[in-house]
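In what follows, a structure is listed as structure tokens, so that the remarks can point back to it.
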Amino acid sequence: MNPNTKGIPSTLPKGAPPVRHYLQFADFSTEEYGYLLERTAFIKAKFKRFERHQSLVDRTLAMIFEKASTRTRVSFEAGMYQLGGSVVHLTTGDSQLGRSEPIEDSARVISRMTDIVMIRTYEQTKIERFAAHSRVPVINGLTNEFHPCQILADIFTYIEHRGPIAGKTVAWVGDGNNMANTWLQAAAMLGFHLRVSTPSGYELNEKVAVTPHGMGTGSYKTYSNPMDACKGADLVTTDVWTSMGYEAENEARRKAFAAWCVNREMMAAAAPDALFMHCLPAHRGEEVEAEVIDGPQSVVWDEAENRMHVQKALMEYLLLGRLA
């Protein structure tokens, strides 16, 4: 239990599990992911049948944005409303978070008034500091180091289209960024193979990506040539060359990443039934050819929608635990 909350009742329902946070992919076990993925399929199926699924009636989600977003805001906000709850949207411009109040104090206050918090920010240490002083679950909506909700959605999307991902091969082409770090953790926990191809100087940082349990480094292989990474892969995925917060490096990155545009030749080298994914927004002609992202192997729109469904299952699990 957080020593700062000892003796103070949380806002969780009676009988709910102790407060858990979701700050990186390694925070859950392989068995818990099995449940979450099954629960997502159940919740999504009800959504498609226009059946209500309101397991979080009268619960409130606080969304805190230091980094702007389209998909993260819409998926969490729509998802919480569909679960019967309500949403409070905060940015650094309209709250004390952007002024002088310590993160720890904001966490103590916000977690007394809401039931669950999603934060999209810069350094991972910020969300860790917030979670350490929160009485309610905290979810990582994106940090410089990790993007667990996106990878959870990507894995669910793969399973929807191709079945179990265990034993399959995922090719990451591009920056060794928060997405790549999270793919590494997911590969270690869910039993698939990860191939990583990045330009020199933009490699994945093992010290960041390795899980708290020491897993991860044996679950992937690096390739200097992105074509080699894609050969026979079951899934090819990428991201923008310049992530938010690194705009000053944009021109240097354009030059460094020129050979890391996912094109038709790379997809042709992959397995015949390979899928293409991108977390969006995408820059056609930079990290991916238009013919690829708009082509028959692309599942980016299903991937985007599935953010909402996996996050509904995630919020429900953090607040209510495992349901029958």
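The way I read the labels, and the way they are meant: chains A, B, ... in the order of the structure tokens, residue 1 as the first residue of every chain, and ligand 1 as the first ligand shown, with later ones counted on from there.
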
Could you please write out, as a short mmCIF file (atom, residue, chain, number, x, y, z; two decimals) with N, CA and C atoms, in the first residue's frame, every residue of stretch 78-315 of chain A that DSSP assigns to helix (DSSP H, G or I)?
```cif
data_model
loop_
_atom_site.label_atom_id
_atom_site.label_comp_id
_atom_site.auth_asym_id
_atom_site.auth_seq_id
_atom_site.Cartn_x
_atom_site.Cartn_y
_atom_site.Cartn_z
N ALA A 78 -14.50 8.36 -25.11
CA ALA A 78 -15.65 7.60 -25.62
C ALA A 78 -15.78 6.28 -24.87
N GLY A 79 -14.66 5.63 -24.60
CA GLY A 79 -14.71 4.35 -23.91
C GLY A 79 -15.29 4.48 -22.51
N MET A 80 -14.88 5.51 -21.76
CA MET A 80 -15.40 5.67 -20.40
C MET A 80 -16.89 5.98 -20.43
N TYR A 81 -17.33 6.81 -21.37
CA TYR A 81 -18.76 7.08 -21.47
C TYR A 81 -19.54 5.82 -21.81
N GLN A 82 -19.00 4.98 -22.69
CA GLN A 82 -19.67 3.74 -23.05
C GLN A 82 -19.77 2.79 -21.86
N GLN A 96 -3.23 23.38 -12.45
CA GLN A 96 -2.00 23.70 -11.73
C GLN A 96 -0.82 22.83 -12.18
N LEU A 97 -1.11 21.81 -13.01
CA LEU A 97 -0.04 20.92 -13.46
C LEU A 97 1.00 21.67 -14.27
N GLY A 98 0.57 22.73 -14.95
CA GLY A 98 1.49 23.49 -15.76
C GLY A 98 2.10 24.66 -15.03
N ILE A 103 3.92 17.63 -8.66
CA ILE A 103 3.16 16.50 -9.20
C ILE A 103 2.55 15.69 -8.06
N GLU A 104 3.29 15.52 -6.98
CA GLU A 104 2.81 14.72 -5.85
C GLU A 104 1.54 15.32 -5.25
N ASP A 105 1.48 16.64 -5.15
CA ASP A 105 0.30 17.29 -4.59
C ASP A 105 -0.89 17.17 -5.53
N SER A 106 -0.64 17.33 -6.83
CA SER A 106 -1.72 17.16 -7.81
C SER A 106 -2.28 15.75 -7.74
N ALA A 107 -1.41 14.77 -7.58
CA ALA A 107 -1.86 13.37 -7.49
C ALA A 107 -2.74 13.16 -6.27
N ARG A 108 -2.34 13.71 -5.13
CA ARG A 108 -3.12 13.55 -3.91
C ARG A 108 -4.51 14.14 -4.05
N VAL A 109 -4.61 15.29 -4.72
CA VAL A 109 -5.91 15.97 -4.88
C VAL A 109 -6.77 15.27 -5.91
N ILE A 110 -6.22 15.05 -7.11
CA ILE A 110 -7.02 14.49 -8.20
C ILE A 110 -7.51 13.09 -7.85
N SER A 111 -6.69 12.31 -7.16
CA SER A 111 -7.10 10.95 -6.83
C SER A 111 -8.11 10.89 -5.69
N ARG A 112 -8.39 11.99 -5.03
CA ARG A 112 -9.46 12.03 -4.04
C ARG A 112 -10.80 12.35 -4.69
N MET A 113 -10.78 12.85 -5.91
CA MET A 113 -12.00 13.32 -6.57
C MET A 113 -12.41 12.46 -7.76
N GLN A 124 8.90 9.37 -18.21
CA GLN A 124 8.26 8.31 -17.45
C GLN A 124 8.28 8.61 -15.95
N THR A 125 9.32 9.30 -15.51
CA THR A 125 9.42 9.61 -14.07
C THR A 125 8.24 10.46 -13.59
N LYS A 126 7.67 11.27 -14.47
CA LYS A 126 6.52 12.10 -14.07
C LYS A 126 5.32 11.23 -13.71
N ILE A 127 5.02 10.26 -14.55
CA ILE A 127 3.85 9.42 -14.29
C ILE A 127 4.13 8.50 -13.10
N GLU A 128 5.38 8.10 -12.91
CA GLU A 128 5.72 7.28 -11.76
C GLU A 128 5.56 8.07 -10.46
N ARG A 129 5.96 9.32 -10.46
CA ARG A 129 5.79 10.17 -9.28
C ARG A 129 4.31 10.38 -8.97
N PHE A 130 3.52 10.59 -10.00
CA PHE A 130 2.08 10.77 -9.80
C PHE A 130 1.48 9.50 -9.21
N ALA A 131 1.79 8.35 -9.80
CA ALA A 131 1.23 7.09 -9.34
C ALA A 131 1.61 6.78 -7.90
N ALA A 132 2.83 7.14 -7.52
CA ALA A 132 3.30 6.86 -6.16
C ALA A 132 2.49 7.60 -5.10
N PRO A 148 2.17 1.60 -23.63
CA PRO A 148 1.60 0.25 -23.45
C PRO A 148 0.19 0.07 -24.00
N CYS A 149 -0.66 1.08 -23.92
CA CYS A 149 -2.03 0.93 -24.42
C CYS A 149 -2.04 0.70 -25.93
N GLN A 150 -1.13 1.36 -26.63
CA GLN A 150 -1.07 1.19 -28.09
C GLN A 150 -0.63 -0.22 -28.46
N ILE A 151 0.39 -0.74 -27.79
CA ILE A 151 0.85 -2.08 -28.12
C ILE A 151 -0.19 -3.13 -27.73
N LEU A 152 -0.91 -2.89 -26.65
CA LEU A 152 -2.01 -3.79 -26.29
C LEU A 152 -3.05 -3.83 -27.39
N ALA A 153 -3.37 -2.66 -27.94
CA ALA A 153 -4.33 -2.59 -29.05
C ALA A 153 -3.78 -3.28 -30.29
N ASP A 154 -2.49 -3.11 -30.57
CA ASP A 154 -1.88 -3.73 -31.74
C ASP A 154 -1.92 -5.25 -31.64
N ILE A 155 -1.61 -5.76 -30.46
CA ILE A 155 -1.63 -7.21 -30.28
C ILE A 155 -3.04 -7.76 -30.41
N PHE A 156 -4.01 -7.05 -29.84
CA PHE A 156 -5.40 -7.49 -29.99
C PHE A 156 -5.80 -7.49 -31.46
N THR A 157 -5.38 -6.48 -32.20
CA THR A 157 -5.71 -6.38 -33.62
C THR A 157 -5.10 -7.54 -34.39
N TYR A 158 -3.85 -7.89 -34.07
CA TYR A 158 -3.23 -9.02 -34.75
C TYR A 158 -4.03 -10.30 -34.48
N ILE A 159 -4.38 -10.52 -33.22
CA ILE A 159 -5.12 -11.73 -32.86
C ILE A 159 -6.47 -11.77 -33.58
N GLU A 160 -7.13 -10.63 -33.67
CA GLU A 160 -8.41 -10.56 -34.39
C GLU A 160 -8.28 -11.05 -35.83
N HIS A 161 -7.19 -10.65 -36.48
CA HIS A 161 -7.02 -10.94 -37.90
C HIS A 161 -6.32 -12.26 -38.19
N ARG A 162 -5.38 -12.66 -37.31
CA ARG A 162 -4.53 -13.81 -37.65
C ARG A 162 -4.45 -14.87 -36.55
N ASN A 178 9.48 4.92 -27.88
CA ASN A 178 8.61 4.33 -26.87
C ASN A 178 7.84 3.11 -27.40
N MET A 179 7.46 3.15 -28.67
CA MET A 179 6.77 2.01 -29.27
C MET A 179 7.70 0.79 -29.33
N ALA A 180 8.92 1.00 -29.80
CA ALA A 180 9.87 -0.10 -29.90
C ALA A 180 10.18 -0.67 -28.52
N ASN A 181 10.36 0.19 -27.53
CA ASN A 181 10.60 -0.27 -26.16
C ASN A 181 9.47 -1.17 -25.68
N THR A 182 8.24 -0.77 -25.97
CA THR A 182 7.08 -1.53 -25.49
C THR A 182 6.91 -2.82 -26.27
N TRP A 183 7.21 -2.80 -27.56
CA TRP A 183 7.18 -4.04 -28.34
C TRP A 183 8.15 -5.06 -27.75
N LEU A 184 9.32 -4.60 -27.31
CA LEU A 184 10.30 -5.51 -26.72
C LEU A 184 9.73 -6.17 -25.47
N GLN A 185 9.12 -5.38 -24.60
CA GLN A 185 8.53 -5.95 -23.38
C GLN A 185 7.43 -6.95 -23.74
N ALA A 186 6.60 -6.60 -24.72
CA ALA A 186 5.50 -7.48 -25.10
C ALA A 186 6.02 -8.79 -25.67
N ALA A 187 7.08 -8.74 -26.47
CA ALA A 187 7.65 -9.97 -27.05
C ALA A 187 8.15 -10.89 -25.95
N ALA A 188 8.79 -10.32 -24.94
CA ALA A 188 9.32 -11.12 -23.84
C ALA A 188 8.20 -11.79 -23.06
N MET A 189 7.06 -11.10 -22.92
CA MET A 189 5.99 -11.61 -22.07
C MET A 189 5.02 -12.52 -22.81
N LEU A 190 4.84 -12.29 -24.12
CA LEU A 190 3.80 -13.01 -24.86
C LEU A 190 4.36 -14.03 -25.85
N GLU A 206 18.22 -0.76 -24.51
CA GLU A 206 17.88 -1.94 -23.70
C GLU A 206 17.68 -1.59 -22.23
N LYS A 207 18.42 -0.63 -21.73
CA LYS A 207 18.32 -0.27 -20.33
C LYS A 207 16.95 0.27 -19.98
N VAL A 208 16.30 0.90 -20.96
CA VAL A 208 14.94 1.41 -20.77
C VAL A 208 13.93 0.31 -21.00
N ALA A 209 14.13 -0.45 -22.06
CA ALA A 209 13.11 -1.40 -22.49
C ALA A 209 13.04 -2.67 -21.66
N PRO A 226 16.66 -2.76 -43.02
CA PRO A 226 15.25 -3.01 -42.72
C PRO A 226 14.62 -4.10 -43.58
N MET A 227 15.14 -4.29 -44.78
CA MET A 227 14.60 -5.36 -45.62
C MET A 227 14.84 -6.72 -44.98
N ASP A 228 16.00 -6.90 -44.37
CA ASP A 228 16.29 -8.17 -43.70
C ASP A 228 15.35 -8.39 -42.51
N ALA A 229 15.00 -7.32 -41.80
CA ALA A 229 14.09 -7.44 -40.67
C ALA A 229 12.70 -7.87 -41.11
N CYS A 230 12.31 -7.45 -42.32
CA CYS A 230 10.96 -7.72 -42.81
C CYS A 230 10.80 -9.10 -43.43
N GLU A 247 10.95 17.68 -32.21
CA GLU A 247 10.78 18.41 -33.48
C GLU A 247 12.05 19.11 -33.94
N ALA A 248 12.89 19.52 -33.02
CA ALA A 248 14.14 20.21 -33.38
C ALA A 248 15.06 19.30 -34.20
N GLU A 249 14.86 17.99 -34.10
CA GLU A 249 15.70 17.04 -34.83
C GLU A 249 15.10 16.63 -36.17
N ASN A 250 14.02 17.26 -36.58
CA ASN A 250 13.24 16.80 -37.72
C ASN A 250 14.07 16.64 -38.99
N GLU A 251 14.85 17.64 -39.38
CA GLU A 251 15.60 17.57 -40.62
C GLU A 251 16.68 16.51 -40.56
N ALA A 252 17.37 16.43 -39.43
CA ALA A 252 18.41 15.40 -39.27
C ALA A 252 17.80 14.01 -39.35
N ARG A 253 16.63 13.84 -38.77
CA ARG A 253 15.97 12.54 -38.80
C ARG A 253 15.49 12.19 -40.21
N ARG A 254 15.02 13.15 -40.97
CA ARG A 254 14.60 12.88 -42.36
C ARG A 254 15.75 12.25 -43.15
N LYS A 255 16.93 12.78 -42.96
CA LYS A 255 18.09 12.26 -43.69
C LYS A 255 18.49 10.89 -43.17
N ALA A 256 18.52 10.73 -41.86
CA ALA A 256 18.97 9.48 -41.26
C ALA A 256 18.02 8.32 -41.55
N ALA A 258 15.92 7.93 -44.19
CA ALA A 258 15.47 7.85 -45.58
C ALA A 258 15.27 6.42 -46.08
N ALA A 259 16.13 5.50 -45.63
CA ALA A 259 16.02 4.10 -46.08
C ALA A 259 15.07 3.27 -45.22
N TRP A 260 14.43 3.89 -44.26
CA TRP A 260 13.55 3.17 -43.34
C TRP A 260 12.07 3.48 -43.58
N ARG A 264 6.49 -1.10 -50.59
CA ARG A 264 5.90 -2.33 -51.14
C ARG A 264 6.91 -3.47 -51.17
N GLU A 265 8.18 -3.15 -51.41
CA GLU A 265 9.20 -4.19 -51.46
C GLU A 265 9.38 -4.86 -50.09
N MET A 266 9.33 -4.07 -49.03
CA MET A 266 9.45 -4.65 -47.68
C MET A 266 8.26 -5.54 -47.38
N MET A 267 7.07 -5.09 -47.73
CA MET A 267 5.88 -5.90 -47.47
C MET A 267 5.88 -7.16 -48.32
N ALA A 268 6.44 -7.08 -49.53
CA ALA A 268 6.52 -8.26 -50.39
C ALA A 268 7.52 -9.27 -49.82
N ALA A 269 8.52 -8.78 -49.10
CA ALA A 269 9.50 -9.67 -48.48
C ALA A 269 8.95 -10.35 -47.24
N ALA A 290 2.25 5.44 -49.27
CA ALA A 290 0.79 5.48 -49.30
C ALA A 290 0.22 4.14 -49.76
N GLU A 291 0.91 3.48 -50.69
CA GLU A 291 0.41 2.20 -51.22
C GLU A 291 0.39 1.12 -50.15
N VAL A 292 1.21 1.27 -49.12
CA VAL A 292 1.24 0.29 -48.03
C VAL A 292 0.15 0.60 -47.01
N ILE A 293 0.14 1.83 -46.49
CA ILE A 293 -0.82 2.14 -45.42
C ILE A 293 -2.26 2.12 -45.92
N VAL A 300 -4.63 -0.48 -40.09
CA VAL A 300 -4.43 0.67 -39.19
C VAL A 300 -5.74 1.22 -38.65
N TRP A 301 -6.84 1.08 -39.39
CA TRP A 301 -8.10 1.64 -38.90
C TRP A 301 -8.71 0.74 -37.83
N ASP A 302 -8.61 -0.56 -38.01
CA ASP A 302 -9.02 -1.49 -36.95
C ASP A 302 -8.15 -1.28 -35.71
N GLU A 303 -6.86 -1.09 -35.94
CA GLU A 303 -5.90 -0.86 -34.87
C GLU A 303 -6.27 0.39 -34.07
N ALA A 304 -6.65 1.46 -34.78
CA ALA A 304 -7.03 2.70 -34.10
C ALA A 304 -8.29 2.50 -33.27
N GLU A 305 -9.30 1.84 -33.83
CA GLU A 305 -10.54 1.61 -33.09
C GLU A 305 -10.30 0.74 -31.86
N ASN A 306 -9.41 -0.22 -32.01
CA ASN A 306 -9.18 -1.16 -30.91
C ASN A 306 -8.52 -0.53 -29.70
N ARG A 307 -7.92 0.66 -29.86
CA ARG A 307 -7.45 1.38 -28.68
C ARG A 307 -8.60 1.55 -27.68
N MET A 308 -9.76 1.93 -28.19
CA MET A 308 -10.90 2.17 -27.32
C MET A 308 -11.33 0.89 -26.60
N HIS A 309 -11.37 -0.21 -27.31
CA HIS A 309 -11.88 -1.46 -26.73
C HIS A 309 -10.90 -2.04 -25.70
N VAL A 310 -9.60 -2.04 -26.00
CA VAL A 310 -8.66 -2.59 -25.02
C VAL A 310 -8.61 -1.70 -23.78
N GLN A 311 -8.76 -0.40 -23.97
CA GLN A 311 -8.72 0.52 -22.83
C GLN A 311 -9.96 0.39 -21.97
N LYS A 312 -11.09 0.05 -22.57
CA LYS A 312 -12.28 -0.23 -21.75
C LYS A 312 -12.02 -1.45 -20.87
N ALA A 313 -11.47 -2.50 -21.46
CA ALA A 313 -11.17 -3.70 -20.68
C ALA A 313 -10.13 -3.39 -19.60
N LEU A 314 -9.16 -2.56 -19.93
CA LEU A 314 -8.11 -2.19 -18.98
C LEU A 314 -8.67 -1.40 -17.80
N MET A 315 -9.49 -0.38 -18.07
CA MET A 315 -10.06 0.43 -16.98
C MET A 315 -10.96 -0.43 -16.10
#
```

Report, in Å with one decimal, the straight-line distance from atom CA of A:Gly295 to atom CA of A:Arg71.
21.4 Å

Between atom CA of A:Gln24 and atom CA of A:Gly176 - distance in Å to one decimal
16.1 Å

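Interatomic distance, atom CA of A:Asn205 against atom CA of A:Asn140: 19.2 Å.
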
All strand (DSSP E or B) residues (DSSP, backbone) inside stretch 36-235 of chain A, as a PyMOL selection string
chain A and resi 60-65+86-91+116-120+138-142+169-173+193-197+220-222+235

Please produce an output containing C-alpha atoms for each residue in the selection, written as a PDB file, in the first residue's frame.
```
ATOM      1  CA  THR A  60     -14.957   9.188 -13.123  1.00  0.00           C
ATOM      2  CA  LEU A  61     -11.863   9.137 -15.304  1.00  0.00           C
ATOM      3  CA  ALA A  62      -9.420  12.060 -15.114  1.00  0.00           C
ATOM      4  CA  MET A  63      -7.444  12.524 -18.340  1.00  0.00           C
ATOM      5  CA  ILE A  64      -4.277  14.617 -18.002  1.00  0.00           C
ATOM      6  CA  PHE A  65      -2.528  15.769 -21.166  1.00  0.00           C
ATOM      7  CA  SER A  86     -17.841  10.292 -16.814  1.00  0.00           C
ATOM      8  CA  VAL A  87     -14.659  12.121 -17.791  1.00  0.00           C
ATOM      9  CA  VAL A  88     -12.680  15.135 -16.604  1.00  0.00           C
ATOM     10  CA  HIS A  89     -10.232  16.496 -19.186  1.00  0.00           C
ATOM     11  CA  LEU A  90      -7.179  18.412 -17.949  1.00  0.00           C
ATOM     12  CA  THR A  91      -4.219  20.003 -19.707  1.00  0.00           C
ATOM     13  CA  ILE A 116      -8.977   6.403 -12.260  1.00  0.00           C
ATOM     14  CA  VAL A 117      -6.413   8.612 -13.998  1.00  0.00           C
ATOM     15  CA  MET A 118      -4.891   8.517 -17.484  1.00  0.00           C
ATOM     16  CA  ILE A 119      -1.779  10.609 -18.095  1.00  0.00           C
ATOM     17  CA  ARG A 120      -0.089  11.421 -21.414  1.00  0.00           C
ATOM     18  CA  VAL A 138      -3.015   5.424 -13.027  1.00  0.00           C
ATOM     19  CA  ILE A 139      -2.700   4.506 -16.722  1.00  0.00           C
ATOM     20  CA  ASN A 140       0.122   5.490 -19.043  1.00  0.00           C
ATOM     21  CA  GLY A 141      -1.490   7.089 -22.107  1.00  0.00           C
ATOM     22  CA  LEU A 142       2.016   7.677 -23.530  1.00  0.00           C
ATOM     23  CA  THR A 169       7.549 -12.577 -35.938  1.00  0.00           C
ATOM     24  CA  VAL A 170       7.061  -8.817 -35.646  1.00  0.00           C
ATOM     25  CA  ALA A 171       9.319  -6.437 -37.585  1.00  0.00           C
ATOM     26  CA  TRP A 172       9.801  -2.952 -36.171  1.00  0.00           C
ATOM     27  CA  VAL A 173      11.149  -0.535 -38.791  1.00  0.00           C
ATOM     28  CA  HIS A 193       9.864 -12.738 -31.898  1.00  0.00           C
ATOM     29  CA  LEU A 194      10.760  -9.090 -32.433  1.00  0.00           C
ATOM     30  CA  ARG A 195      13.091  -7.837 -35.150  1.00  0.00           C
ATOM     31  CA  VAL A 196      14.232  -4.249 -34.791  1.00  0.00           C
ATOM     32  CA  SER A 197      15.784  -2.179 -37.577  1.00  0.00           C
ATOM     33  CA  TYR A 220      14.566  -9.706 -30.175  1.00  0.00           C
ATOM     34  CA  LYS A 221      17.242  -9.303 -32.806  1.00  0.00           C
ATOM     35  CA  THR A 222      18.541  -6.149 -34.453  1.00  0.00           C
ATOM     36  CA  LEU A 235       3.616  -8.199 -38.898  1.00  0.00           C
TER      37      LEU A 235
END
```

Find, counting only C-alpha atoms, the residue in A:Val210, A:Leu23, A:Ala324, A:Leu319 that gets nearest to A:Leu83.
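Closest to A:Leu83 of all the choices is A:Leu319.
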
Please determine, counting only C-alpha atoms, which residue among A:Ser298, A:Ser219, A:Gln54, A:Thr30 has the shortest atom-to-atom distance to A:Phe192.
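When distances to A:Phe192 are compared using only C-alpha atoms, the smallest one comes from A:Ser219.
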